[in-house]
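With compact mmCIF, C-alpha atoms inside, this is work_22.txt:
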# COMPACT_ATOMS: atom_id res chain seq x y z
CA MET A 1 1.78 -28.04 -26.70
CA ILE A 2 5.05 -29.52 -25.51
CA ILE A 3 5.15 -31.18 -22.09
CA ARG A 4 8.48 -32.37 -20.72
CA TYR A 5 8.55 -35.65 -18.84
CA THR A 6 8.80 -35.39 -15.08
CA PRO A 7 11.52 -37.46 -13.38
CA CYS A 8 9.89 -39.61 -10.68
CA PRO A 9 11.93 -41.45 -8.04
CA VAL A 10 11.08 -45.15 -8.11
CA ARG A 11 11.79 -47.88 -5.59
CA THR A 12 13.63 -50.26 -7.88
CA PRO A 13 16.12 -49.32 -10.61
CA VAL A 14 14.92 -49.88 -14.16
CA PRO A 15 17.31 -52.27 -15.96
CA ALA A 16 16.41 -51.11 -19.46
CA LEU A 17 17.23 -47.55 -18.49
CA GLY A 18 20.70 -48.41 -17.27
CA GLY A 19 19.60 -48.99 -13.71
CA VAL A 20 18.44 -45.46 -13.05
CA SER A 21 15.94 -44.91 -10.28
CA LEU A 22 14.49 -41.71 -11.70
CA LEU A 23 11.79 -42.68 -14.16
CA PRO A 24 10.62 -40.07 -16.68
CA ARG A 25 6.84 -39.88 -16.85
CA PRO A 26 4.55 -37.72 -19.01
CA ILE A 27 2.77 -35.87 -16.21
CA LEU A 28 0.51 -32.95 -16.94
CA ALA A 29 -1.40 -30.58 -14.66
CA VAL A 30 -5.12 -30.57 -15.45
CA ARG A 31 -7.75 -28.11 -14.27
CA ILE A 32 -10.91 -30.04 -13.39
CA THR A 33 -14.06 -27.95 -13.25
CA GLY A 34 -17.45 -28.99 -11.91
CA PRO A 35 -20.67 -27.20 -10.98
CA ARG A 36 -19.16 -25.50 -7.94
CA GLY A 37 -15.56 -24.82 -8.73
CA SER A 38 -12.32 -26.14 -10.10
CA ARG A 39 -9.11 -27.70 -8.87
CA LEU A 40 -5.68 -28.36 -10.36
CA ARG A 41 -4.43 -31.92 -10.21
CA ASP A 42 -1.66 -33.90 -11.90
CA GLY A 43 -2.46 -36.55 -14.46
CA LEU A 44 -0.41 -39.10 -16.34
CA LEU A 45 -0.74 -39.30 -20.11
CA ASP A 46 -1.43 -43.01 -20.51
CA THR A 47 -2.03 -44.60 -23.90
CA GLY A 48 -2.72 -47.89 -22.09
CA ALA A 49 -5.73 -46.47 -20.25
CA ASP A 50 -9.06 -46.77 -22.03
CA GLU A 51 -10.59 -43.99 -19.98
CA THR A 52 -9.71 -40.87 -18.05
CA ILE A 53 -9.83 -41.63 -14.33
CA LEU A 54 -9.43 -39.08 -11.55
CA ASP A 55 -8.91 -39.24 -7.81
CA SER A 56 -12.34 -39.13 -6.23
CA SER A 57 -11.16 -36.67 -3.56
CA VAL A 58 -11.54 -33.86 -6.09
CA ALA A 59 -15.25 -34.53 -6.70
CA PRO A 60 -16.72 -32.92 -3.57
CA LEU A 61 -14.38 -29.95 -3.96
CA ILE A 62 -15.89 -29.08 -7.34
CA GLY A 63 -19.49 -29.87 -6.49
CA ILE A 64 -19.89 -33.37 -7.87
CA ASP A 65 -21.92 -35.84 -5.80
CA LEU A 66 -20.59 -39.25 -6.69
CA ASN A 67 -23.46 -40.90 -4.83
CA GLN A 68 -25.69 -39.73 -7.67
CA ALA A 69 -23.22 -40.69 -10.41
CA LEU A 70 -23.38 -43.49 -12.92
CA GLU A 71 -21.45 -46.54 -11.70
CA ARG A 72 -19.88 -49.29 -13.73
CA GLU A 73 -17.15 -51.82 -13.17
CA ILE A 74 -13.75 -51.48 -14.76
CA ASN A 75 -10.95 -53.97 -14.95
CA LEU A 76 -7.85 -52.91 -13.08
CA VAL A 77 -4.81 -54.68 -14.46
CA GLY A 78 -3.74 -57.37 -12.00
CA ARG A 79 -6.40 -56.47 -9.48
CA GLY A 80 -9.68 -57.47 -11.05
CA ARG A 81 -12.90 -55.53 -11.40
CA VAL A 82 -13.58 -52.46 -9.31
CA PRO A 83 -16.55 -50.06 -9.31
CA CYS A 84 -16.00 -46.64 -10.82
CA ARG A 85 -18.30 -43.59 -10.80
CA TYR A 86 -18.67 -41.30 -13.81
CA ALA A 87 -19.54 -37.63 -14.16
CA THR A 88 -19.20 -34.79 -16.65
CA VAL A 89 -16.49 -32.25 -15.94
CA GLN A 90 -14.61 -29.62 -17.84
CA LEU A 91 -10.91 -30.27 -18.32
CA ARG A 92 -8.35 -27.60 -19.12
CA ILE A 93 -4.68 -27.96 -19.88
CA THR A 94 -2.09 -25.29 -20.51
CA ASP A 95 1.60 -24.95 -21.14
CA GLY A 96 1.48 -21.68 -19.24
CA ILE A 97 2.81 -19.79 -22.24
CA ALA A 98 0.83 -19.90 -25.42
CA GLU A 99 -1.54 -22.82 -25.53
CA THR A 100 -4.57 -23.55 -23.39
CA TYR A 101 -7.32 -26.01 -24.26
CA GLU A 102 -10.53 -26.79 -22.45
CA TRP A 103 -13.34 -29.21 -23.15
CA ASP A 104 -16.27 -30.93 -21.52
CA THR A 105 -16.13 -34.67 -21.10
CA VAL A 106 -17.16 -37.62 -18.98
CA VAL A 107 -14.49 -38.95 -16.64
CA GLY A 108 -14.34 -41.73 -14.10
CA PHE A 109 -13.57 -41.31 -10.42
CA ALA A 110 -11.56 -44.09 -8.83
CA PRO A 111 -13.09 -45.76 -5.76
CA PHE A 112 -9.78 -45.51 -3.89
CA PRO A 113 -7.00 -42.91 -3.66
CA ILE A 114 -4.69 -42.76 -6.65
CA LEU A 115 -1.43 -40.86 -6.89
CA ARG A 116 -2.45 -38.99 -10.00
CA GLY A 117 -5.17 -39.08 -12.59
CA LEU A 118 -4.97 -41.28 -15.63
CA LEU A 119 -5.35 -39.31 -18.85
CA GLY A 120 -6.47 -42.13 -21.10
CA PHE A 121 -8.21 -42.39 -24.43
CA ALA A 122 -11.84 -41.65 -23.58
CA GLY A 123 -12.10 -38.11 -22.33
CA PHE A 124 -8.56 -37.04 -23.10
CA LEU A 125 -6.32 -38.65 -25.70
CA GLN A 126 -9.25 -39.09 -28.11
CA PHE A 127 -9.07 -35.32 -28.62
CA PHE A 128 -5.34 -35.00 -29.23
CA ASP A 129 -2.69 -36.34 -31.50
CA ALA A 130 0.11 -37.19 -29.11
CA ALA A 131 3.75 -37.69 -30.06
CA PHE A 132 5.78 -39.28 -27.27
CA ARG A 133 9.36 -38.33 -28.06
CA GLY A 134 11.32 -40.59 -25.81
CA ALA A 135 14.78 -39.37 -26.74
CA ASP A 136 13.80 -35.81 -25.87
CA ARG A 137 11.77 -36.89 -22.83
CA GLU A 138 8.81 -34.84 -23.95
CA VAL A 139 5.38 -35.27 -25.46
CA THR A 140 3.66 -33.05 -27.99
CA LEU A 141 -0.12 -32.68 -27.84
CA LEU A 142 -1.98 -31.32 -30.84
CA PRO A 143 -5.78 -31.03 -30.82
CA ASN A 144 -7.28 -33.18 -33.54
CA ALA A 145 -10.50 -33.25 -35.54
CA ALA A 146 -12.36 -34.84 -32.61
CA PHE A 147 -11.56 -31.93 -30.32
CA ALA A 148 -14.81 -30.02 -29.81
CA GLY A 149 -13.57 -27.77 -27.03
CA ARG A 150 -12.01 -24.36 -27.07
CA ARG A 151 -8.53 -23.02 -27.51
CA ILE A 152 -8.01 -20.06 -25.22
CA MET B 153 0.50 -19.78 -14.34
CA ILE B 154 4.13 -19.85 -15.35
CA ASP B 155 5.61 -22.01 -18.08
CA ILE B 156 4.58 -25.49 -16.95
CA ASN B 157 7.96 -26.92 -17.87
CA GLU B 158 9.71 -24.29 -15.76
CA PHE B 159 7.30 -25.16 -12.95
CA ARG B 160 8.34 -28.83 -13.20
CA GLN B 161 12.02 -27.92 -13.21
CA ASN B 162 11.53 -25.91 -10.05
CA GLN B 163 9.59 -28.78 -8.47
CA SER B 164 12.37 -31.23 -9.24
CA ARG B 165 14.92 -28.98 -7.51
CA LEU B 166 13.25 -29.55 -4.17
CA PRO B 167 15.57 -31.94 -2.30
CA ARG B 168 14.30 -35.50 -2.05
CA GLU B 169 14.80 -35.45 1.73
CA GLU B 170 12.48 -32.46 1.91
CA LEU B 171 9.82 -34.19 -0.16
CA GLU B 172 10.08 -37.36 1.89
CA LYS B 173 8.79 -35.42 4.88
CA TYR B 174 5.47 -35.24 3.06
CA ASN B 175 5.25 -38.87 2.03
CA GLY B 176 1.66 -40.00 1.75
CA GLN B 177 0.33 -36.47 1.96
CA TYR B 178 -1.38 -34.16 -0.45
CA VAL B 179 0.77 -31.08 -0.97
CA ALA B 180 -0.09 -27.71 -2.45
CA TRP B 181 2.60 -26.11 -4.60
CA SER B 182 3.45 -22.46 -4.97
CA SER B 183 2.62 -21.07 -8.40
CA ASP B 184 6.25 -21.35 -9.51
CA GLY B 185 6.80 -24.84 -8.08
CA THR B 186 9.57 -23.77 -5.73
CA ARG B 187 7.74 -24.20 -2.42
CA ILE B 188 5.14 -26.28 -0.67
CA LEU B 189 2.40 -24.06 0.69
CA ALA B 190 0.38 -26.62 2.63
CA ALA B 191 0.27 -30.35 3.20
CA ASP B 192 -1.98 -32.86 4.89
CA PRO B 193 -3.02 -36.48 4.44
CA ASP B 194 -6.59 -35.20 3.88
CA PRO B 195 -7.05 -33.25 0.62
CA LEU B 196 -10.05 -31.42 2.08
CA ARG B 197 -7.81 -30.18 4.88
CA VAL B 198 -5.27 -28.95 2.33
CA ASP B 199 -8.06 -26.92 0.75
CA ALA B 200 -8.94 -25.44 4.12
CA LEU B 201 -5.32 -24.64 4.93
CA LEU B 202 -4.93 -22.81 1.62
CA CYS B 203 -8.04 -20.74 2.27
CA VAL B 204 -6.86 -19.80 5.74
CA ALA B 205 -3.51 -18.73 4.26
CA GLY B 206 -5.30 -16.50 1.76
CA TYR B 207 -4.86 -18.62 -1.35
CA ASP B 208 -7.55 -19.60 -3.82
CA PRO B 209 -7.45 -23.43 -3.87
CA ALA B 210 -8.68 -23.37 -7.47
CA GLU B 211 -5.39 -21.77 -8.54
CA ILE B 212 -3.03 -24.10 -6.68
CA LEU B 213 -1.72 -27.42 -7.97
CA VAL B 214 -2.18 -30.16 -5.40
CA SER B 215 -0.41 -33.47 -5.82
CA ARG B 216 0.09 -36.53 -3.67
CA ILE B 217 3.62 -37.36 -2.61
CA ALA B 218 4.92 -40.91 -2.83
CA ILE B 219 8.67 -41.34 -2.66
CA PRO B 220 9.78 -43.63 -4.00
CA GLU B 221 7.04 -44.77 -6.34
CA GLU B 222 6.72 -48.28 -7.64
CA VAL B 223 7.68 -49.10 -11.19
CA SER B 224 4.34 -49.69 -12.87
CA TRP B 225 3.28 -51.81 -15.83
CA SER B 226 0.18 -49.74 -16.25
CA GLY B 227 -0.55 -46.13 -15.44
CA TRP B 228 -2.02 -46.99 -12.06
CA SER B 229 0.12 -45.83 -9.20
CA LEU B 230 -1.51 -46.44 -5.88
CA PRO B 231 -0.47 -44.87 -2.59
CA GLU B 232 0.80 -47.34 -0.02
CA ASP B 233 -2.33 -46.90 2.08
CA SER B 234 -4.64 -47.83 -0.78
CA PRO B 235 -6.75 -50.92 -0.02
CA LEU B 236 -5.53 -52.34 -3.32
CA SER B 237 -1.80 -51.83 -2.70
Represent the structure from my file as structure tokens, please.
Amino acid sequence: MIIRYTPCPVRTPVPALGGVSLLPRPILAVRITGPRGSRLRDGLLDTGADETILDSSVAPLIGIDLNQALEREINLVGRGRVPCRYATVQLRITDGIAETYEWDTVVGFAPFPILRGLLGFAGFLQFFDAAFRGADREVTLLPNAAFAGRRI
Amino acid sequence: MIDINEFRQNQSRLPREELEKYNGQYVAWSSDGTRILAADPDPLRVDALLCVAGYDPAEILVSRIAIPEEVSWSGWSLPEDSPLS
């Protein structure tokens, strides 16, 4: 599956990119399914994230009660430790043409609003071999041996 | 669902001034990424607006608008109203 980077307007120009203020980011729409429904939300493919973390606003919409969820603290770079709730969901990604993958996994729900989910190692990138092709501004995702979900 | 890359191209054609009107809000995108169907600071309200308009919220991509975003050293991008911003 090939996902093109999305140009995101940023506040300050990036010197190493020639001072541009449109930053390419590997953003991917993810279908998040819980016991009572599903929703589509954007996520950022992030090799620096140890886990997959979603905006908690989606939880009640898909029937997940975070009050009953496992809680543990995570370290937020530059901001210290914050509590995070965990639950099992089904994730699905598609290129809208030929490739769709879905799998069950545990994800974290951030205790504050976030702009988009973090698609980190646990729950997401562990299941894919990802090639970030910077020159082409696109990323290729290929399910790997750890992927125990379904291709649709 | 259309080709996701075509969807993104369509999204990026929306003028920045238009998007800025929705800053800080959750917006629901048309299936081809060319239009915003509903918007509100409360994502639950966006769901309700979509239902009233006859859309299935499960089939609509909802994203939060922040223009411009901050350059980030990690993947975290927090809205300006986040208690951690």
(request) Would you be able to write out as a ChimeraX atom specification which residues have an atom within 12 Å of (-12.4, -23.8, -13.1) in the file's coordinates, counting only C-alpha atoms? (result) /A:30-41,61-63,89-93,102-104 /B:208-212
Just C-alpha atoms for this one: save the residues we selected as a PDB file, in the coordinates of the input.
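Final output, saved to part-v1.pdb:
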ATOM      1  CA  VAL A  30      -5.120 -30.570 -15.450  1.00  0.00           C
ATOM      2  CA  ARG A  31      -7.750 -28.110 -14.270  1.00  0.00           C
ATOM      3  CA  ILE A  32     -10.910 -30.040 -13.390  1.00  0.00           C
ATOM      4  CA  THR A  33     -14.060 -27.950 -13.250  1.00  0.00           C
ATOM      5  CA  GLY A  34     -17.450 -28.990 -11.910  1.00  0.00           C
ATOM      6  CA  PRO A  35     -20.670 -27.200 -10.980  1.00  0.00           C
ATOM      7  CA  ARG A  36     -19.160 -25.500  -7.940  1.00  0.00           C
ATOM      8  CA  GLY A  37     -15.560 -24.820  -8.730  1.00  0.00           C
ATOM      9  CA  SER A  38     -12.320 -26.140 -10.100  1.00  0.00           C
ATOM     10  CA  ARG A  39      -9.110 -27.700  -8.870  1.00  0.00           C
ATOM     11  CA  LEU A  40      -5.680 -28.360 -10.360  1.00  0.00           C
ATOM     12  CA  ARG A  41      -4.430 -31.920 -10.210  1.00  0.00           C
ATOM     13  CA  LEU A  61     -14.380 -29.950  -3.960  1.00  0.00           C
ATOM     14  CA  ILE A  62     -15.890 -29.080  -7.340  1.00  0.00           C
ATOM     15  CA  GLY A  63     -19.490 -29.870  -6.490  1.00  0.00           C
ATOM     16  CA  VAL A  89     -16.490 -32.250 -15.940  1.00  0.00           C
ATOM     17  CA  GLN A  90     -14.610 -29.620 -17.840  1.00  0.00           C
ATOM     18  CA  LEU A  91     -10.910 -30.270 -18.320  1.00  0.00           C
ATOM     19  CA  ARG A  92      -8.350 -27.600 -19.120  1.00  0.00           C
ATOM     20  CA  ILE A  93      -4.680 -27.960 -19.880  1.00  0.00           C
ATOM     21  CA  GLU A 102     -10.530 -26.790 -22.450  1.00  0.00           C
ATOM     22  CA  TRP A 103     -13.340 -29.210 -23.150  1.00  0.00           C
ATOM     23  CA  ASP A 104     -16.270 -30.930 -21.520  1.00  0.00           C
TER      24      ASP A 104
ATOM     25  CA  ASP B 208      -7.550 -19.600  -3.820  1.00  0.00           C
ATOM     26  CA  PRO B 209      -7.450 -23.430  -3.870  1.00  0.00           C
ATOM     27  CA  ALA B 210      -8.680 -23.370  -7.470  1.00  0.00           C
ATOM     28  CA  GLU B 211      -5.390 -21.770  -8.540  1.00  0.00           C
ATOM     29  CA  ILE B 212      -3.030 -24.100  -6.680  1.00  0.00           C
TER      30      ILE B 212
END
(message) Taking all atoms listed in the file into account, name the residue in A:Leu22, A:Cys84, A:Ala16, A:Ile152 that is nearest to A:Asp55.
(response)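 Ranking A:Leu22, A:Cys84, A:Ala16, A:Ile152 by distance to A:Asp55, first place goes to A:Cys84.
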(request) Please identify every residue of chain A that has at least one atom no more than 8 Å from any atom of chain B, counting all atoms listed in the file, and report them as a ChimeraX atom specification. (result) /A:3-4,6-12,14,29,37-42,44,46,48-49,57,61,77,79,94-97,112-116,118
(request) Calculate how many Å separate atom CA of A:Ile27 from atom CA of A:Ile53, rounding to one decimal. (result)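 Atom CA of A:Ile53 lies 14.0 Å from atom CA of A:Ile27.
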(message) If I take atom CA of A:Gly80 and atom CA of A:Asp50, how far is one from the other in Å, to one decimal?
(response) 15.3 Å
How big is the axis-aligned box, and where does its centre sit, when it encloses all atoms of stretch 202-211 of chain B listed in the file and has 8 Å added on every side, reported in Å to one decimal as lines of an AutoDock Vina configuration file?
center_x = -6.1
center_y = -20.0
center_z = -1.4
size_x = 21.2
size_y = 22.9
size_z = 30.3
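Relative to atom CA of B:Glu170, atom CA of B:Ile188 is found at 9.9 Å.
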(request) Using only C-alpha atoms, find the one residue out of A:Ala146, A:Leu70, A:Pro111, A:Leu23 that sits nearest to A:Val82. (result)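 Closest residue, counting only C-alpha atoms: A:Pro111.
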(message) Let me make sure I understand: among B:Lys173, B:Val179, B:Arg165, B:Ala190, which one has the smallest atom-to-atom distance to B:Ala205 if we use all atoms listed in the file?
(response) B:Ala190
Return stretch 52-87 of chain A, completed with N, CA and C atoms, as a CSV table (one decimal), keeping the file's coordinate frame.
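This is the output file out-v4.csv:
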chain,number,residue,atom,x,y,z
A,52,THR,N,-10.3,-41.9,-18.9
A,52,THR,CA,-9.7,-40.9,-18.0
A,52,THR,C,-10.3,-41.1,-16.6
A,53,ILE,N,-9.4,-41.3,-15.7
A,53,ILE,CA,-9.8,-41.6,-14.3
A,53,ILE,C,-9.1,-40.7,-13.4
A,54,LEU,N,-9.9,-40.1,-12.5
A,54,LEU,CA,-9.4,-39.1,-11.6
A,54,LEU,C,-9.6,-39.6,-10.1
A,55,ASP,N,-8.8,-38.9,-9.2
A,55,ASP,CA,-8.9,-39.2,-7.8
A,55,ASP,C,-10.3,-38.7,-7.3
A,56,SER,N,-11.0,-39.5,-6.6
A,56,SER,CA,-12.3,-39.1,-6.2
A,56,SER,C,-12.3,-38.0,-5.2
A,57,SER,N,-11.2,-37.7,-4.6
A,57,SER,CA,-11.2,-36.7,-3.6
A,57,SER,C,-11.5,-35.3,-4.2
A,58,VAL,N,-11.3,-35.2,-5.5
A,58,VAL,CA,-11.5,-33.9,-6.1
A,58,VAL,C,-13.0,-33.6,-6.3
A,59,ALA,N,-13.8,-34.7,-6.4
A,59,ALA,CA,-15.2,-34.5,-6.7
A,59,ALA,C,-16.0,-33.6,-5.8
A,60,PRO,N,-16.0,-33.8,-4.4
A,60,PRO,CA,-16.7,-32.9,-3.6
A,60,PRO,C,-16.2,-31.5,-3.6
A,61,LEU,N,-15.0,-31.3,-3.9
A,61,LEU,CA,-14.4,-30.0,-4.0
A,61,LEU,C,-14.9,-29.1,-5.1
A,62,ILE,N,-15.4,-29.8,-6.2
A,62,ILE,CA,-15.9,-29.1,-7.3
A,62,ILE,C,-17.4,-29.3,-7.5
A,63,GLY,N,-18.0,-29.8,-6.5
A,63,GLY,CA,-19.5,-29.9,-6.5
A,63,GLY,C,-20.1,-31.1,-7.2
A,64,ILE,N,-19.3,-32.2,-7.2
A,64,ILE,CA,-19.9,-33.4,-7.9
A,64,ILE,C,-20.2,-34.4,-6.8
A,65,ASP,N,-21.5,-34.8,-6.8
A,65,ASP,CA,-21.9,-35.8,-5.8
A,65,ASP,C,-21.8,-37.2,-6.5
A,66,LEU,N,-20.8,-37.9,-6.1
A,66,LEU,CA,-20.6,-39.2,-6.7
A,66,LEU,C,-21.7,-40.3,-6.3
A,67,ASN,N,-22.4,-40.0,-5.2
A,67,ASN,CA,-23.5,-40.9,-4.8
A,67,ASN,C,-24.6,-40.9,-5.9
A,68,GLN,N,-24.7,-39.8,-6.6
A,68,GLN,CA,-25.7,-39.7,-7.7
A,68,GLN,C,-25.1,-40.1,-9.1
A,69,ALA,N,-23.9,-40.5,-9.1
A,69,ALA,CA,-23.2,-40.7,-10.4
A,69,ALA,C,-23.4,-42.1,-10.9
A,70,LEU,N,-23.3,-42.2,-12.3
A,70,LEU,CA,-23.4,-43.5,-12.9
A,70,LEU,C,-22.2,-44.4,-12.4
A,71,GLU,N,-22.5,-45.6,-12.1
A,71,GLU,CA,-21.4,-46.5,-11.7
A,71,GLU,C,-21.3,-47.7,-12.7
A,72,ARG,N,-20.1,-48.1,-13.0
A,72,ARG,CA,-19.9,-49.3,-13.7
A,72,ARG,C,-18.6,-49.9,-13.3
A,73,GLU,N,-18.4,-51.2,-13.6
A,73,GLU,CA,-17.2,-51.8,-13.2
A,73,GLU,C,-16.1,-51.7,-14.2
A,74,ILE,N,-14.9,-51.5,-13.8
A,74,ILE,CA,-13.8,-51.5,-14.8
A,74,ILE,C,-12.7,-52.5,-14.3
A,75,ASN,N,-12.0,-53.0,-15.3
A,75,ASN,CA,-11.0,-54.0,-15.0
A,75,ASN,C,-9.6,-53.3,-14.7
A,76,LEU,N,-9.1,-53.5,-13.5
A,76,LEU,CA,-7.8,-52.9,-13.1
A,76,LEU,C,-6.8,-54.0,-13.3
A,77,VAL,N,-5.8,-53.7,-14.1
A,77,VAL,CA,-4.8,-54.7,-14.5
A,77,VAL,C,-4.2,-55.3,-13.2
A,78,GLY,N,-4.3,-56.6,-13.1
A,78,GLY,CA,-3.7,-57.4,-12.0
A,78,GLY,C,-4.6,-57.4,-10.7
A,79,ARG,N,-5.6,-56.6,-10.7
A,79,ARG,CA,-6.4,-56.5,-9.5
A,79,ARG,C,-7.9,-56.7,-9.7
A,80,GLY,N,-8.3,-57.1,-10.9
A,80,GLY,CA,-9.7,-57.5,-11.0
A,80,GLY,C,-10.6,-56.3,-11.3
A,81,ARG,N,-11.9,-56.5,-11.1
A,81,ARG,CA,-12.9,-55.5,-11.4
A,81,ARG,C,-13.2,-54.7,-10.2
A,82,VAL,N,-13.3,-53.4,-10.4
A,82,VAL,CA,-13.6,-52.5,-9.3
A,82,VAL,C,-14.7,-51.5,-9.8
A,83,PRO,N,-15.5,-51.0,-8.9
A,83,PRO,CA,-16.6,-50.1,-9.3
A,83,PRO,C,-16.0,-48.7,-9.5
A,84,CYS,N,-16.5,-48.0,-10.5
A,84,CYS,CA,-16.0,-46.6,-10.8
A,84,CYS,C,-17.2,-45.8,-11.1
A,85,ARG,N,-17.2,-44.5,-10.6
A,85,ARG,CA,-18.3,-43.6,-10.8
A,85,ARG,C,-17.9,-42.6,-11.9
A,86,TYR,N,-18.9,-42.2,-12.7
A,86,TYR,CA,-18.7,-41.3,-13.8
A,86,TYR,C,-19.5,-40.0,-13.7
A,87,ALA,N,-18.9,-38.9,-14.2
A,87,ALA,CA,-19.5,-37.6,-14.2
A,87,ALA,C,-18.9,-36.8,-15.2
